[in-house]
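Visitor: Below is the file model.txt, which contains compact mmCIF, C-alpha atoms.
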# COMPACT_ATOMS: atom_id res chain seq x y z
CA MET O 13 0.00 0.00 0.00
CA GLU O 14 2.91 2.33 0.74
CA ILE O 15 4.20 1.93 -2.79
CA VAL O 16 0.83 3.06 -4.21
CA TYR O 17 0.98 6.25 -2.11
CA PHE O 18 4.57 6.77 -3.20
CA LEU O 19 3.64 6.41 -6.91
CA ILE O 20 0.66 8.74 -6.54
CA GLY O 21 2.91 11.29 -4.84
CA MET O 22 5.49 11.05 -7.63
CA VAL O 23 2.83 11.46 -10.32
CA LEU O 24 1.42 14.53 -8.53
CA LEU O 25 4.90 16.00 -8.16
CA LEU O 26 5.59 15.45 -11.85
CA LEU O 27 2.24 17.05 -12.74
CA VAL O 28 3.07 20.13 -10.63
CA ILE O 29 6.48 20.44 -12.31
CA VAL O 30 4.89 20.25 -15.78
CA VAL O 31 2.24 22.86 -14.88
CA VAL O 32 4.87 25.26 -13.50
CA PHE O 33 7.00 24.77 -16.63
CA VAL O 34 4.04 25.53 -18.91
CA ILE O 35 3.15 28.66 -16.93
CA VAL O 36 6.73 29.94 -17.07
CA LEU O 37 6.91 29.19 -20.78
CA LEU O 38 3.63 31.02 -21.48
CA LYS O 39 4.73 34.07 -19.48
CA TYR O 40 8.04 34.17 -21.30
CA TYR O 41 6.36 33.80 -24.69
CA SER O 42 3.72 36.48 -24.04
CA ASN O 43 6.35 38.94 -22.76
CA ASN O 44 8.81 38.38 -25.59
CA LYS O 45 6.78 37.91 -28.76
CA PHE O 46 6.97 41.61 -29.65
CA GLU O 47 10.69 41.71 -28.98
CA TYR O 48 10.83 38.98 -31.63
CA TYR O 49 9.15 41.34 -34.09
CA ARG O 50 11.47 44.21 -33.16
CA ASP O 51 14.59 42.07 -33.40
CA ASN O 52 13.79 39.72 -36.29
CA MET O 53 11.50 41.60 -38.65
CA SER O 54 12.90 44.48 -40.60
CA ILE O 55 10.65 47.03 -42.18
CA ASN O 56 11.25 45.39 -45.56
CA GLY O 57 10.93 41.80 -44.33
CA GLY O 58 8.43 40.10 -46.62
CA ALA O 59 8.32 42.99 -49.08
CA ASN O 60 9.80 42.90 -52.54
CA VAL O 61 11.58 45.85 -54.06
CA GLU O 62 11.16 46.04 -57.81
CA ASN O 63 12.55 49.11 -59.56
CA GLY O 64 12.23 51.25 -56.43
CA VAL O 65 8.62 50.20 -55.80
CA TYR O 66 7.68 48.27 -52.68
CA THR O 67 5.15 45.51 -53.19
CA SER O 68 3.46 43.40 -50.58
CA GLU O 69 0.88 40.66 -50.34
CA GLY O 70 -0.51 42.32 -47.19
CA ALA O 71 -3.37 40.71 -45.29
CA GLY O 72 -5.44 43.87 -45.11
CA LEU O 73 -3.75 46.62 -47.12
CA MET O 74 -5.31 46.10 -50.52
CA ASN O 75 -5.81 48.23 -53.60
CA SER O 76 -9.17 48.81 -55.26
CA GLU O 77 -8.96 45.40 -56.98
CA ASN O 78 -8.43 43.92 -53.49
CA MET O 79 -5.35 42.12 -54.79
CA ARG O 80 -1.91 43.63 -54.45
CA THR O 81 -0.56 46.79 -52.90
CA ILE O 82 2.09 48.76 -54.70
CA ILE O 83 3.60 51.66 -52.81
CA ALA O 84 6.03 54.03 -54.47
CA ALA O 85 8.74 55.09 -52.06
CA GLY O 86 9.82 58.70 -52.38
CA SER O 87 13.04 60.22 -51.09
CA SER O 88 11.37 61.77 -48.03
CA ASP O 89 9.07 58.80 -47.55
CA VAL O 90 8.56 57.14 -44.16
CA LEU O 91 7.78 53.42 -44.32
CA VAL O 92 6.05 51.47 -41.58
CA ARG O 93 4.81 47.92 -41.22
CA LEU O 94 1.75 46.69 -39.28
CA VAL O 95 1.50 43.16 -37.90
CA GLU O 96 -1.51 41.83 -35.97
CA GLN O 97 -0.64 40.83 -32.43
CA GLU O 98 -2.63 37.60 -32.24
CA SER O 99 -2.86 36.25 -35.78
CA ARG O 100 0.47 37.78 -36.90
CA ALA O 101 -1.23 38.84 -40.14
CA ASP O 102 1.15 41.19 -41.92
CA TYR O 103 -0.41 44.29 -43.50
CA GLY O 104 2.76 44.92 -45.45
CA VAL O 105 5.01 47.92 -45.93
CA ILE O 106 3.00 51.12 -45.80
CA SER O 107 4.17 54.44 -47.19
CA LEU O 108 3.34 57.53 -45.16
CA LEU O 109 4.08 59.92 -48.01
CA ARG O 110 0.44 60.87 -47.51
CA PRO O 111 -1.82 60.13 -44.51
CA VAL O 112 -3.12 56.55 -44.41
CA THR O 113 -6.57 55.91 -42.96
CA ILE O 114 -7.46 52.75 -41.05
CA GLY O 115 -11.12 51.77 -40.91
CA SER O 116 -13.75 49.10 -41.28
CA ALA O 117 -14.24 46.88 -44.29
CA SER O 118 -17.50 48.73 -45.05
CA GLY O 119 -15.71 52.05 -45.55
CA SER O 120 -13.21 53.18 -48.14
CA ALA O 121 -10.22 53.48 -45.79
CA ASP O 122 -6.72 52.65 -47.03
CA ILE O 123 -6.36 49.79 -44.53
CA LYS O 124 -9.55 47.83 -43.91
CA LEU O 125 -10.01 45.81 -40.73
CA ALA O 126 -12.71 43.14 -40.60
CA ASP O 127 -14.03 44.08 -37.17
CA ASN O 128 -17.49 45.46 -36.41
CA THR O 129 -16.10 47.63 -33.59
CA VAL O 130 -13.94 49.61 -36.03
CA SER O 131 -15.40 52.85 -37.44
CA ARG O 132 -15.43 53.44 -41.20
CA TYR O 133 -12.65 56.00 -40.76
CA HIS O 134 -11.25 55.03 -37.38
CA CYS O 135 -7.78 56.59 -37.29
CA SER O 136 -5.02 57.95 -39.47
CA LEU O 137 -1.28 57.26 -39.64
CA PHE O 138 0.94 60.01 -40.98
CA SER O 139 4.48 61.32 -40.69
CA ASN O 140 5.85 64.76 -39.96
CA ASN O 141 9.61 65.43 -40.14
CA GLY O 142 10.29 61.69 -40.10
CA ILE O 143 8.19 61.04 -36.97
CA VAL O 144 5.21 58.67 -37.24
CA PHE O 145 1.94 59.88 -35.71
CA ILE O 146 -1.50 58.39 -35.16
CA GLU O 147 -4.69 60.41 -34.88
CA ASP O 148 -8.12 59.19 -33.84
CA LEU O 149 -10.75 60.32 -36.38
CA ASN O 150 -13.60 60.63 -33.85
CA SER O 151 -14.10 56.86 -33.85
CA LYS O 152 -16.95 55.40 -31.83
CA ASN O 153 -14.77 53.08 -29.71
CA GLY O 154 -11.55 55.09 -29.60
CA THR O 155 -7.97 54.39 -30.60
CA TYR O 156 -5.41 53.05 -28.12
CA VAL O 157 -1.62 53.09 -28.05
CA ASN O 158 -0.04 50.58 -25.66
CA GLY O 159 -3.39 50.26 -23.86
CA VAL O 160 -3.93 54.00 -23.36
CA LYS O 161 -6.78 55.77 -25.16
CA ILE O 162 -5.50 58.67 -27.22
CA THR O 163 -7.10 62.03 -27.84
CA GLY O 164 -5.86 63.99 -30.80
CA LYS O 165 -2.47 63.13 -32.30
CA MET O 166 0.24 60.99 -30.73
CA ALA O 167 3.81 60.25 -31.81
CA LEU O 168 4.62 56.56 -32.26
CA LYS O 169 7.77 54.46 -32.05
CA SER O 170 8.63 51.03 -33.37
CA GLY O 171 7.03 48.30 -31.26
CA ASP O 172 4.02 50.35 -30.15
CA ILE O 173 0.79 48.37 -30.02
CA LEU O 174 -2.18 50.07 -31.67
CA GLY O 175 -5.62 49.14 -30.33
CA ILE O 176 -8.22 49.61 -33.06
CA GLY O 177 -11.50 47.90 -32.22
CA TYR O 178 -10.67 44.36 -31.15
CA LYS O 179 -7.52 44.35 -33.29
CA ARG O 180 -4.07 44.87 -31.79
CA LEU O 181 -1.50 45.90 -34.37
CA VAL O 182 2.25 46.10 -33.75
CA LEU O 183 3.87 49.09 -35.50
CA LEU O 184 7.35 48.52 -36.93
CA THR O 185 9.50 51.34 -38.27
CA ASN O 186 13.08 51.74 -39.48
Transcribe the structure of this file into structure tokens.

Guide:
Amino acid sequence: MEIVYFLIGMVLLLLVIVVVFVIVLLKYYSNNKFEYYRDNMSINGGANVENGVYTSEGAGLMNSENMRTIIAAGSSDVLVRLVEQESRADYGVISLLRPVTIGSASGSADIKLADNTVSRYHCSLFSNNGIVFIEDLNSKNGTYVNGVKITGKMALKSGDILGIGYKRLVLLTN
């Protein structure tokens, strides 16, 4: 009978060790997945450069034919990349030569997010003197940067997490 109690104790101890290992692994993964993006994904990762034109098969940045995005990069152009936090969908390289609107699929925004909590014209990304900014466009549910609701314009840096509806997008810059 003592051996049965000993085996049950060993199995329980092993189970506790496995659970602790999984918890530590999950915490490490959730804390470091954006460092992975910052360290291992360049702004041009996944984009092709053909004759000075950036092309991308972005998951959400589509042209009017809803096929392929082609962005001409000018000399004073600022390029950014958006990657969804959960699904890791890559919206491709985005030129901020002009302001880029982010909105719902039902609107005519430049970047369309399939999320019913996103306004038609939810927010805008733009650059000024090489600095990337985001501006909420009076959206119904607000725009968040790193979990904080913004009012007006806000400067961004690489690795910032944009909260737009239920979507969480990681911003990557040069």

Visitor: Taking into account only C-alpha atoms, which residue in the set O:Ile114, O:Leu109, O:Ile143, O:Leu38 is nearest to O:Val130?

Guide: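 Counting only C-alpha atoms, the residue closest to O:Val130 is O:Ile114.
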
Visitor: Choose the residue, out of O:Leu94, O:Leu24, O:Leu183, O:Ile176, that has the smallest atom-to-atom separation from O:Gly115; count only C-alpha atoms.

Guide: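 Nearest to O:Gly115: O:Ile176.
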
Visitor: Choose the residue, out of O:Met13, O:Leu174, O:Leu108, O:Leu25, that has the smallest atom-to-atom separation from O:Val95; count all atoms listed in the file.

Guide: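 Closest to O:Val95, using all atoms listed in the file: O:Leu174.
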
Visitor: Show me the residues close to (-14.9, 51.6, -35.8) - anything with an atom within 10 Å, counting all atoms listed in the file - and format the list as a ChimeraX atom specification.

Guide: /O:114-117,119,125-135,149-155,176-178

Visitor: Near O:Ile146, within 10 Å and counting all atoms listed in the file, which residues show up once chain neighbours fewer than 4 positions away are dropped, as a ChimeraX atom specification?

Guide: /O:111-113,135-139,155-157,162-168,174

Visitor: In terms of the shortest atom-to-atom distance over only C-alpha atoms, which of O:Asp148, O:Asp102, O:Glu14, O:Glu96 is closest to O:Lys161?

Guide: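 Looking only at the distances to O:Lys161, the closest residue turns out to be O:Asp148.
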
Visitor: Tell me, in Å to one decimal, how far atom CA of O:Phe145 is from atom CA of O:Arg100.

Guide: 22.2 Å

Visitor: Any idea what the distance is between atom CA of O:Val32 and atom CA of O:Glu98?

Guide: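 According to the coordinates, atom CA of O:Val32 and atom CA of O:Glu98 are separated by 23.7 Å.
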
Visitor: Would you mind telling me which residue in O:Val36, O:Leu181, O:Asn140, O:Val90 lies nearest to O:Ile123 when using only C-alpha atoms?

Guide: O:Leu181

Visitor: Rounded to one decimal, what separation in Å do you get between atom CA of O:Lys124 and atom CA of O:Asn186?

Guide: 23.4 Å

Visitor: Box for stretch 159-164 of chain O - axis-aligned, 4 Å on each of the six sides, all listed atoms - centre and size in Å to one decimal, as JSON.

Guide:
{"center_x": -5.2, "center_y": 57.1, "center_z": -27.1, "size_x": 11.7, "size_y": 21.7, "size_z": 15.4}
